[in-house]
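S.K.: Can you keep this structure in mind? I'll have questions shortly.
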Amino acid sequence: MKIENDFLRVEFSLKGAELKSIFSKKNKKEILWQADPKFWAKSSPILFPIVGALKNDKYTYLDKQYSLSRHGFARDMVFDKIEDNESKIIFSLKSNKDTIKIYPFQFDLQIIYSLESNRLNVDYIVKNLDKENDLLFSLGAHPAFNIEVNDDKNYSDYEIYFPSDEVLEINQLTNNLIAENKKIINLNNKKLDLSYQLFESDALVMTNLKSESLILRNKIDNDSLIFSFNNFPFFGIWAAKNANFVCLEPWSGIADFENHNQNLKQKIGILKLSSTENWKANWSIEIP
């Protein structure tokens with residue numbers, strides 16, 4: 001499945017409604033990580049109905065205990081395609097008898113991919129289908145972008161520009177959970193230099209990022225992409241060990257804190273959607 005225009009060709013899988021390719025026709029190159037299983041066998045999974053890990057992979061809701069694996073189940077489920085044309089495609093995942101067993105909520109998750117010139121837009125809509133009860137959830141994006149490494153370019157030649165930030169306040173992870181301690185990364189003129197060592201302790205998790213757009217670029221030839229996001233209060237940056245990609249991850253929620261009581265209603269970052277209400281968020285990537 002694909003959509004395309006004069007600038008971009010974008011491909012998808014029904015499993016997880018996952019982005020599989022963003023090909024720049026102008027630059028004649030693949031922008032998205034191609035899921036090399038030696039490092040990380042995904043390209044752009046959707047994190048729903050949780051982001052990150054739960055403490056002991058469990059949560060309680062209305063005094064009953066449930067289990068959910070890290071990042072939830074949406075990335076491993078087959079979505080329905082409900083609309084498809086040259087420049088836009090819409091996928092949907094609805095609650096069913098299997099999801100209710102591990103996540104007792106009625107929902108419709110829709111992902112809309114659309115092209116506008118040299119920009120790919122990704123819109124999320126979460127609908128509460130329950131006429132009586134609130135829907136509790138988090139949602140996150142996890143796209144991985146290629147870092148070109150060859151005889152002329154190194155991983156360390158790349159940087160991320162944060163137009164509204166001078167420092168990054170990092171919530172550190174311990175066994176996939178948020179630790180109480182934080183560390184500060186001072187940016188160099190609002191720029192973060194990439195390195196393989198940057199992710200040795202897992203993802204960089206931020207809860208107070210000011211920037212709502214980032215620029216990933218190569219310092220040698222200024223090859224770049226512009227990544228923008230809206231209605232995502234949390235952000236993560238990650239790469240697998242020694243892999244030539246970087247994930248730019250806007251999130252509406254985060255992993256459990258180490259001292260969390262596992263009550264879903266009291267989870268930091270959990271969203272509460274009233275009966276028949278909708279929630280929307282989006283991100284986009286622009287290839288100059």
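Residues in the structure tokens are numbered from 1 in each chain, the chains being A, B, ... in the order shown, and ligands are numbered from 1 in the order shown.
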Which neighbours of Val10 (chain A) fall inside 8 Å, counting only C-alpha atoms, when residues of the same chain fewer than 3 positions from it are skipped, and could you give them as number ranges by chain?
M.R.: A: 2-4, 19-23
S.K.: Could you save those same residues with all heavy atoms as a CSV table (one decimal), in the first residue's frame?
M.R.:
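Dumped to part14.csv:
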chain,number,residue,atom,x,y,z
A,2,LYS,N,0.5,2.2,-0.8
A,2,LYS,CA,1.3,3.4,-0.8
A,2,LYS,C,0.4,4.6,-1.2
A,2,LYS,O,-0.7,4.5,-1.8
A,2,LYS,CB,2.4,3.3,-1.8
A,2,LYS,CG,2.0,3.1,-3.3
A,2,LYS,CD,3.1,3.0,-4.2
A,2,LYS,CE,2.7,2.8,-5.7
A,2,LYS,NZ,3.8,2.7,-6.6
A,3,ILE,N,1.0,5.8,-0.9
A,3,ILE,CA,0.5,7.1,-1.4
A,3,ILE,C,1.7,7.8,-2.0
A,3,ILE,O,2.8,7.6,-1.6
A,3,ILE,CB,-0.2,7.9,-0.4
A,3,ILE,CG1,0.7,8.2,0.8
A,3,ILE,CG2,-1.5,7.3,0.1
A,3,ILE,CD1,0.1,9.1,1.9
A,4,GLU,N,1.5,8.7,-3.0
A,4,GLU,CA,2.6,9.4,-3.5
A,4,GLU,C,2.2,10.6,-4.3
A,4,GLU,O,1.0,10.8,-4.7
A,4,GLU,CB,3.5,8.5,-4.5
A,4,GLU,CG,2.8,8.0,-5.7
A,4,GLU,CD,3.7,7.1,-6.5
A,4,GLU,OE1,4.9,7.5,-6.8
A,4,GLU,OE2,3.3,6.0,-6.9
A,19,LEU,N,4.2,2.8,9.1
A,19,LEU,CA,5.0,3.4,8.0
A,19,LEU,C,6.1,2.4,7.7
A,19,LEU,O,6.8,2.0,8.6
A,19,LEU,CB,5.5,4.7,8.4
A,19,LEU,CG,4.8,6.0,8.1
A,19,LEU,CD1,5.5,7.2,8.8
A,19,LEU,CD2,4.8,6.3,6.6
A,20,LYS,N,6.3,2.2,6.4
A,20,LYS,CA,7.4,1.3,6.0
A,20,LYS,C,8.4,1.9,5.1
A,20,LYS,O,9.5,1.5,5.0
A,20,LYS,CB,6.8,0.1,5.3
A,20,LYS,CG,6.1,-0.9,6.2
A,20,LYS,CD,7.1,-1.5,7.2
A,20,LYS,CE,6.4,-2.5,8.1
A,20,LYS,NZ,7.4,-3.1,9.1
A,21,SER,N,8.0,3.1,4.5
A,21,SER,CA,9.0,3.7,3.6
A,21,SER,C,8.6,5.2,3.4
A,21,SER,O,7.4,5.5,3.3
A,21,SER,CB,9.1,3.0,2.3
A,21,SER,OG,9.8,3.8,1.3
A,22,ILE,N,9.5,6.1,3.4
A,22,ILE,CA,9.3,7.5,3.0
A,22,ILE,C,10.5,7.7,2.0
A,22,ILE,O,11.6,8.0,2.4
A,22,ILE,CB,9.4,8.5,4.2
A,22,ILE,CG1,8.4,8.1,5.3
A,22,ILE,CG2,9.1,9.9,3.6
A,22,ILE,CD1,8.5,9.0,6.5
A,23,PHE,N,10.1,7.7,0.7
A,23,PHE,CA,11.2,7.9,-0.3
A,23,PHE,C,11.1,9.2,-0.9
A,23,PHE,O,10.0,9.7,-1.4
A,23,PHE,CB,11.0,6.8,-1.4
A,23,PHE,CG,12.1,6.8,-2.4
A,23,PHE,CD1,13.4,6.3,-2.2
A,23,PHE,CD2,11.9,7.5,-3.6
A,23,PHE,CE1,14.4,6.3,-3.1
A,23,PHE,CE2,12.9,7.5,-4.6
A,23,PHE,CZ,14.2,6.9,-4.3
S.K.: Can you pull out the residues contacting Val126 (chain A)? Cut-off 7 Å, using only C-alpha atoms, and skip same-chain residues under 4 positions away; I want them as a list in words.
M.R.: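 What passes the distance filter is Phe107, Asp108, Leu109, Gln110, Asn278, Trp279 and Lys280 of chain A.
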S.K.: Would you pick out the contacts of Ile285 (chain A) at 6 Å or less, using only C-alpha atoms, so that residues sharing its chain but fewer than 6 positions from it are not included, and give the list as a PyMOL selection string?
M.R.: chain A and resi 119-120+226-227
S.K.: Considering only C-alpha atoms, return as a list in words whatever protein or nucleic-acid residues lie within 12 Å of Asn218 (chain A), sequence-local ones (same chain, fewer than 3 positions apart) excluded.
M.R.: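 Those residues are Asn146, Ile147, Glu148, Val149, Asp152, Lys153, Asn154, Tyr155, Ser156, Asp157, Tyr158, Glu159, Ile160, Tyr161, Lys191, Leu192, Asp193, Leu194, Ile215, Asp221, Asn222, Asp223, Ser224 and Leu225 of chain A.
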S.K.: Between CA of Asp57 (chain A) and CA of Leu93 (chain A), what is the distance, to one decimal in Å?
M.R.: 22.3 Å
S.K.: Select, from A:Asp6, A:Asn56, A:Lys64, A:Asn96, the residue with the minimum atom-to-atom distance to Lys28 (chain A), counting only C-alpha atoms.
M.R.: A:Asp6
S.K.: Could you check which of A:Glu86, A:His260, A:Leu8, A:Asn244 is closest to Asn150 (chain A), using only C-alpha atoms?
M.R.: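 Residue with the minimum atom-to-atom distance to Asn150 (chain A): A:Asn244.
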S.K.: Which residues are close to Ala240 (chain A), i.e. within 8 Å by only C-alpha atoms, leaving aside same-chain residues fewer than 6 positions away? Reply as a list in words.
M.R.: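 Contacts, with the query itself left out: Phe39, Trp40 and Phe199 of chain A.
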S.K.: Counting only C-alpha atoms, what is within 7 Å of Phe79 (chain A), bar same-chain residues fewer than 4 positions away, as a PDB file with all heavy atoms, in the first residue's frame?
M.R.:
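Just written: around15.pdb:
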ATOM      1  N   LEU A  14      -0.529  -3.079   6.832  1.00  0.00           N
ATOM      2  CA  LEU A  14      -1.753  -3.160   7.628  1.00  0.00           C
ATOM      3  C   LEU A  14      -1.442  -3.543   9.077  1.00  0.00           C
ATOM      4  O   LEU A  14      -2.145  -3.133  10.004  1.00  0.00           O
ATOM      5  CB  LEU A  14      -2.718  -4.188   7.025  1.00  0.00           C
ATOM      6  CG  LEU A  14      -3.556  -3.735   5.834  1.00  0.00           C
ATOM      7  CD1 LEU A  14      -4.384  -4.895   5.287  1.00  0.00           C
ATOM      8  CD2 LEU A  14      -4.481  -2.577   6.217  1.00  0.00           C
ATOM      9  N   LYS A  15      -0.374  -4.329   9.278  1.00  0.00           N
ATOM     10  CA  LYS A  15       0.016  -4.668  10.640  1.00  0.00           C
ATOM     11  C   LYS A  15       0.537  -3.413  11.336  1.00  0.00           C
ATOM     12  O   LYS A  15       1.540  -2.829  10.927  1.00  0.00           O
ATOM     13  CB  LYS A  15       1.086  -5.758  10.654  1.00  0.00           C
ATOM     14  CG  LYS A  15       1.481  -6.175  12.064  1.00  0.00           C
ATOM     15  CD  LYS A  15       2.561  -7.237  12.071  1.00  0.00           C
ATOM     16  CE  LYS A  15       2.961  -7.608  13.493  1.00  0.00           C
ATOM     17  NZ  LYS A  15       4.035  -8.622  13.534  1.00  0.00           N
ATOM     18  N   GLY A  16      -0.174  -3.008  12.366  1.00  0.00           N
ATOM     19  CA  GLY A  16       0.218  -1.824  13.112  1.00  0.00           C
ATOM     20  C   GLY A  16      -0.009  -0.517  12.386  1.00  0.00           C
ATOM     21  O   GLY A  16       0.362   0.536  12.901  1.00  0.00           O
ATOM     22  N   ALA A  17      -0.608  -0.552  11.188  1.00  0.00           N
ATOM     23  CA  ALA A  17      -0.738   0.652  10.344  1.00  0.00           C
ATOM     24  C   ALA A  17       0.611   1.372  10.268  1.00  0.00           C
ATOM     25  O   ALA A  17       0.690   2.594  10.295  1.00  0.00           O
ATOM     26  CB  ALA A  17      -1.827   1.580  10.882  1.00  0.00           C
ATOM     27  N   PHE A  91      -6.315   4.436   8.340  1.00  0.00           N
ATOM     28  CA  PHE A  91      -6.406   3.130   8.985  1.00  0.00           C
ATOM     29  C   PHE A  91      -7.199   3.250  10.284  1.00  0.00           C
ATOM     30  O   PHE A  91      -7.199   4.303  10.929  1.00  0.00           O
ATOM     31  CB  PHE A  91      -5.012   2.592   9.306  1.00  0.00           C
ATOM     32  CG  PHE A  91      -4.147   2.352   8.111  1.00  0.00           C
ATOM     33  CD1 PHE A  91      -3.205   3.293   7.713  1.00  0.00           C
ATOM     34  CD2 PHE A  91      -4.264   1.179   7.378  1.00  0.00           C
ATOM     35  CE1 PHE A  91      -2.395   3.072   6.624  1.00  0.00           C
ATOM     36  CE2 PHE A  91      -3.463   0.946   6.274  1.00  0.00           C
ATOM     37  CZ  PHE A  91      -2.519   1.892   5.891  1.00  0.00           C
ATOM     38  N   SER A  92      -7.835   2.144  10.674  1.00  0.00           N
ATOM     39  CA  SER A  92      -8.632   2.140  11.902  1.00  0.00           C
ATOM     40  C   SER A  92      -8.423   0.838  12.659  1.00  0.00           C
ATOM     41  O   SER A  92      -8.335  -0.240  12.067  1.00  0.00           O
ATOM     42  CB  SER A  92     -10.120   2.312  11.573  1.00  0.00           C
ATOM     43  OG  SER A  92     -10.926   2.069  12.706  1.00  0.00           O
ATOM     44  N   LEU A  93      -8.341   0.967  13.980  1.00  0.00           N
ATOM     45  CA  LEU A  93      -8.312  -0.190  14.876  1.00  0.00           C
ATOM     46  C   LEU A  93      -9.367   0.035  15.948  1.00  0.00           C
ATOM     47  O   LEU A  93      -9.327   1.050  16.650  1.00  0.00           O
ATOM     48  CB  LEU A  93      -6.940  -0.355  15.531  1.00  0.00           C
ATOM     49  CG  LEU A  93      -6.821  -1.498  16.549  1.00  0.00           C
ATOM     50  CD1 LEU A  93      -6.931  -2.851  15.861  1.00  0.00           C
ATOM     51  CD2 LEU A  93      -5.505  -1.390  17.327  1.00  0.00           C
TER      52      LEU A  93
END
S.K.: When you count only C-alpha atoms, which of these residues is closest to Tyr113 (chain A): A:Asn175, A:Asn208, A:Asn133, A:Asn85?
M.R.: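 Nearest to Tyr113 (chain A): A:Asn85.
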S.K.: For the structure I just gave you, how does DSSP split region 47-196 of chain A - specifically, which residues are strand (DSSP E or B)? Reply as a PyMOL selection string.
M.R.: chain A and resi 47+58-61+64-67+78+80-84+88-94+107-116+119-128+135-137+140-141+144-146+158-161+167-174+177-186+188+191-193
S.K.: Could you state the separation of CA of Gln106 (chain A) and CA of Thr276 (chain A) in Å, given to one decimal place?
M.R.: 10.2 Å
S.K.: Using only C-alpha atoms, which of the listed residues (A:Ser44, A:Ala281, A:Met77, A:Asn121) sits closest to Cys247 (chain A)?
M.R.: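 Between A:Ser44, A:Ala281, A:Met77, A:Asn121, the residue approaching Cys247 (chain A) most closely is A:Ser44.
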S.K.: Considering only C-alpha atoms, can you say which of A:Tyr59, A:Asp202, A:Pro49, A:Ala144 comes closest to Gly72 (chain A)?
M.R.: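 Of A:Tyr59, A:Asp202, A:Pro49, A:Ala144, the one nearest Gly72 (chain A), counting only C-alpha atoms, is A:Pro49.
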S.K.: Can you tell me, as a list in words, which residues in region 54-238 of chain A count as helix (DSSP H, G or I) by DSSP?
M.R.: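 Helix (DSSP H, G or I) members of region 54-238 of chain A, listed: Lys55, Asn56, Asp57, Ala74, Arg75, Asp76, Lys97, Asp98, Thr99, Ile100, Lys101, Ile102, Tyr155, Ser156, Asp157, Tyr196, Gln197, Leu198 and Phe199 of chain A.
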S.K.: I'd like to know which of A:Ile31, A:Ile287, A:Leu248, A:Ile89 is closest to Glu212 (chain A), using only C-alpha atoms.
M.R.: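 Closest residue, counting only C-alpha atoms: A:Leu248.
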